[in-house]
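Undergrad: What follows is a structure written as structure tokens; I'll ask about it next.
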Amino acid sequence: MDAEPSPRLEYLYKEYARLSDKAEEVIKSAYDDFKLLGVVGAVIIIWKPVSEVVLPAIPKFDSTLFLLLGFLSLLAVLGLILFSNLIKQSYAWYFVRNLQAYEIEIKKELGEGENSQVFSFNIGKEEAKFVTASYRLAFKATLLSGFSVVTLLPFVILCYSNIFYAILYALISFLGLTIYLQIFRRMMKQYFNNKLL
């Protein structure tokens with residue numbers, strides 16, 4: 001007959017399950033942001049026709065400037081979505097780090113050896129390397145494809161209207177991407193330098 005689990009093991013597992021649920025909520029919320037990115041992309045495509053409909057009501061307003069301001073507004077909204085997503089990612093990594101600590105303690109309580117696969121989802125060294133490499137590849141591909149759409153489409157549209165505005169938009173877009181990548185790199189570096197592995 002199996003022995004009753006110790007109160008400490010029960011507590012550790014309950015807290016592990018609670019933290020795991022919280023991490024899952026944060027991750028789902030981060031993926032929901034992709035829906036918002038889709039809306040921003042769709043608005044970028046239809047912004048020029050929308051501006052052509054709105055501008056006749058405001059005859060003194062420069063149509064090219066209105067187009068630039070619209071694209072910059074969408075870029076600002078996109079930036080806010082992406083930066084808030086970084087906050088969500090940092091919370092997810094925080095939960096994963098805490099889950100690692102619980103996995104280590106649960107393995108000790110169960111008397112599992114270091115090479116045991118029990119509770120190794122967040123602490124397996126080989127899995128961590130694979131997940132990290134896969135994450136970085138997928139993240140880069142997603143970011144570059146999204147950046148291409150958000151930068152190139154408005155840039156091309158603005159080129160037909162005003163080259164100066166097109167270049168200005170591209171520079172602001174590249175500046176935003178550079179700031180975002182710098183923050184993301186620092187977050188990744190902090191996380192991987194502080195892992196429990």
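Chain labels run A, B, ... following the order of the structure tokens; each chain numbers its residues from 1, and ligands are numbered from 1 in the order shown.
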So that I can see what lies close to Asp32 in chain A, please list as a PyMOL selection string the residues with an atom at most 12 Å from it, counting only C-alpha atoms and leaving out residues fewer than 4 positions away in the same chain.

TA: chain A and resi 25-28+36-39+81-82+84-85+88

Undergrad: With distances taken over only C-alpha atoms, which of A:Ile163, A:Val150, A:Ile45, A:Ala138 is nearest to Thr64 in chain A?

TA: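 Looking only at the distances to Thr64 in chain A, the closest residue turns out to be A:Ile163.
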
Undergrad: Determine, counting only C-alpha atoms, which protein, DNA and RNA residues have an atom within 12 Å of an atom of Gly176 in chain A; residues of the same chain fewer than 2 positions away are not included. Present the result as a VMD selection string.

TA: chain A and resid 72 75 to 80 82 to 83 147 150 to 151 169 to 174 178 to 183

Undergrad: Any idea what's packed within 10 Å of range 14-21 of chain A, counting only C-alpha atoms, ignoring anything in its chain fewer than 4 positions away? Could you give it as a list of chain:residue names?

TA: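 The residues satisfying every condition are A:Arg8, A:Leu9, A:Glu10, A:Glu25, A:Val26, A:Ile27, A:Ala92, A:Tyr94, A:Phe95, A:Val96, A:Asn98, A:Leu99, A:Gln100, A:Ala101, A:Tyr102, A:Glu103, A:Ile106.
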
Undergrad: Export, as a PDB file, in the first residue's frame, the selected residues with N, CA, C and O atoms.

TA:
ATOM      1  N   ARG A   8       4.374  18.416   3.467  1.00  0.00           N
ATOM      2  CA  ARG A   8       5.244  19.326   2.713  1.00  0.00           C
ATOM      3  C   ARG A   8       5.126  19.074   1.220  1.00  0.00           C
ATOM      4  O   ARG A   8       5.016  20.008   0.429  1.00  0.00           O
ATOM      5  N   LEU A   9       5.131  17.803   0.799  1.00  0.00           N
ATOM      6  CA  LEU A   9       4.989  17.460  -0.613  1.00  0.00           C
ATOM      7  C   LEU A   9       3.636  17.924  -1.140  1.00  0.00           C
ATOM      8  O   LEU A   9       3.547  18.475  -2.241  1.00  0.00           O
ATOM      9  N   GLU A  10       2.592  17.725  -0.346  1.00  0.00           N
ATOM     10  CA  GLU A  10       1.254  18.169  -0.749  1.00  0.00           C
ATOM     11  C   GLU A  10       1.230  19.675  -0.955  1.00  0.00           C
ATOM     12  O   GLU A  10       0.695  20.178  -1.937  1.00  0.00           O
ATOM     13  N   GLU A  25      -2.143  31.456 -17.591  1.00  0.00           N
ATOM     14  CA  GLU A  25      -3.003  32.620 -17.821  1.00  0.00           C
ATOM     15  C   GLU A  25      -2.219  33.758 -18.478  1.00  0.00           C
ATOM     16  O   GLU A  25      -2.694  34.395 -19.414  1.00  0.00           O
ATOM     17  N   VAL A  26      -1.022  34.015 -17.962  1.00  0.00           N
ATOM     18  CA  VAL A  26      -0.201  35.106 -18.497  1.00  0.00           C
ATOM     19  C   VAL A  26       0.201  34.798 -19.939  1.00  0.00           C
ATOM     20  O   VAL A  26       0.154  35.666 -20.804  1.00  0.00           O
ATOM     21  N   ILE A  27       0.565  33.567 -20.205  1.00  0.00           N
ATOM     22  CA  ILE A  27       0.980  33.186 -21.556  1.00  0.00           C
ATOM     23  C   ILE A  27      -0.193  33.309 -22.523  1.00  0.00           C
ATOM     24  O   ILE A  27      -0.048  33.838 -23.628  1.00  0.00           O
ATOM     25  N   ALA A  92       5.690  35.824 -17.153  1.00  0.00           N
ATOM     26  CA  ALA A  92       5.704  34.391 -17.485  1.00  0.00           C
ATOM     27  C   ALA A  92       7.048  33.791 -17.099  1.00  0.00           C
ATOM     28  O   ALA A  92       7.110  32.701 -16.517  1.00  0.00           O
ATOM     29  N   TYR A  94       9.065  34.892 -14.831  1.00  0.00           N
ATOM     30  CA  TYR A  94       9.106  34.895 -13.373  1.00  0.00           C
ATOM     31  C   TYR A  94       8.425  33.637 -12.832  1.00  0.00           C
ATOM     32  O   TYR A  94       8.951  32.963 -11.941  1.00  0.00           O
ATOM     33  N   PHE A  95       7.262  33.315 -13.373  1.00  0.00           N
ATOM     34  CA  PHE A  95       6.550  32.116 -12.925  1.00  0.00           C
ATOM     35  C   PHE A  95       7.345  30.856 -13.251  1.00  0.00           C
ATOM     36  O   PHE A  95       7.425  29.936 -12.435  1.00  0.00           O
ATOM     37  N   VAL A  96       7.942  30.804 -14.436  1.00  0.00           N
ATOM     38  CA  VAL A  96       8.732  29.628 -14.803  1.00  0.00           C
ATOM     39  C   VAL A  96       9.906  29.466 -13.844  1.00  0.00           C
ATOM     40  O   VAL A  96      10.216  28.358 -13.408  1.00  0.00           O
ATOM     41  N   ASN A  98      10.047  30.403 -10.749  1.00  0.00           N
ATOM     42  CA  ASN A  98       9.500  29.893  -9.490  1.00  0.00           C
ATOM     43  C   ASN A  98       9.106  28.429  -9.618  1.00  0.00           C
ATOM     44  O   ASN A  98       9.283  27.655  -8.682  1.00  0.00           O
ATOM     45  N   LEU A  99       8.572  28.045 -10.760  1.00  0.00           N
ATOM     46  CA  LEU A  99       8.217  26.644 -10.977  1.00  0.00           C
ATOM     47  C   LEU A  99       9.462  25.759 -10.914  1.00  0.00           C
ATOM     48  O   LEU A  99       9.407  24.636 -10.407  1.00  0.00           O
ATOM     49  N   GLN A 100      10.581  26.272 -11.408  1.00  0.00           N
ATOM     50  CA  GLN A 100      11.830  25.516 -11.335  1.00  0.00           C
ATOM     51  C   GLN A 100      12.183  25.197  -9.887  1.00  0.00           C
ATOM     52  O   GLN A 100      12.571  24.069  -9.568  1.00  0.00           O
ATOM     53  N   ALA A 101      12.049  26.188  -9.025  1.00  0.00           N
ATOM     54  CA  ALA A 101      12.377  25.984  -7.607  1.00  0.00           C
ATOM     55  C   ALA A 101      11.469  24.922  -6.994  1.00  0.00           C
ATOM     56  O   ALA A 101      11.938  24.053  -6.246  1.00  0.00           O
ATOM     57  N   TYR A 102      10.195  24.959  -7.338  1.00  0.00           N
ATOM     58  CA  TYR A 102       9.263  23.954  -6.804  1.00  0.00           C
ATOM     59  C   TYR A 102       9.567  22.572  -7.371  1.00  0.00           C
ATOM     60  O   TYR A 102       9.464  21.569  -6.660  1.00  0.00           O
ATOM     61  N   GLU A 103       9.935  22.500  -8.648  1.00  0.00           N
ATOM     62  CA  GLU A 103      10.280  21.205  -9.240  1.00  0.00           C
ATOM     63  C   GLU A 103      11.470  20.574  -8.525  1.00  0.00           C
ATOM     64  O   GLU A 103      11.474  19.370  -8.251  1.00  0.00           O
ATOM     65  N   ILE A 106      10.227  19.346  -5.111  1.00  0.00           N
ATOM     66  CA  ILE A 106       9.348  18.176  -5.244  1.00  0.00           C
ATOM     67  C   ILE A 106      10.177  16.932  -5.570  1.00  0.00           C
ATOM     68  O   ILE A 106       9.943  15.855  -5.022  1.00  0.00           O
TER      69      ILE A 106
END

Undergrad: I'd like to know which of A:Ala141, A:Leu168, A:Leu86, A:Leu110 is closest to Met187 in chain A, using only C-alpha atoms.

TA: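 Of A:Ala141, A:Leu168, A:Leu86, A:Leu110, the one nearest Met187 in chain A, counting only C-alpha atoms, is A:Leu86.
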
Undergrad: Env of Leu65 in chain A: 9 Å cut, atoms = only C-alpha atoms, seq-sep filter 5 positions within chain, self excluded. Answer as number ranges by chain.

TA: A: 70, 162, 165

Undergrad: I need the residues from that last selection saved to file as a PDB file, in the first residue's frame (with N, CA and C atoms), if you can.

TA:
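Output file result17.pdb is given in full below:
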ATOM      1  N   GLY A  70      -1.654  59.345 -39.240  1.00  0.00           N
ATOM      2  CA  GLY A  70      -2.407  58.107 -39.059  1.00  0.00           C
ATOM      3  C   GLY A  70      -1.482  56.910 -38.898  1.00  0.00           C
ATOM      4  N   ASN A 162       4.858  61.520 -50.273  1.00  0.00           N
ATOM      5  CA  ASN A 162       5.888  62.454 -49.847  1.00  0.00           C
ATOM      6  C   ASN A 162       7.093  61.652 -49.347  1.00  0.00           C
ATOM      7  N   TYR A 165       8.260  62.332 -45.677  1.00  0.00           N
ATOM      8  CA  TYR A 165       7.415  61.663 -44.681  1.00  0.00           C
ATOM      9  C   TYR A 165       7.680  60.159 -44.653  1.00  0.00           C
TER      10      TYR A 165
END

Undergrad: Write out as a ChimeraX atom specification the set of residues from chain A that DSSP, computed on the backbone, places in alpha helix (DSSP H).

TA: /A:7-54,63-110,125-161,163-193

Undergrad: Measuring atom to atom with only C-alpha atoms, identify which of A:Leu143, A:Met188, A:Leu12, A:Leu153 is nearest to Ser90 in chain A.

TA: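 Closest to Ser90 in chain A of all the choices is A:Met188.
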
Undergrad: Work out how far CA of Val50 in chain A is from CA of Leu152 in chain A, in Å to one decimal.

TA: 18.8 Å

Undergrad: Name the closest residue to Glu24 in chain A among the candidates A:Leu74, A:Ile46, A:Trp93, A:Ser51; distances are taken between atoms, counting only C-alpha atoms.

TA: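 Selected residue with least distance to Glu24 in chain A: A:Trp93.
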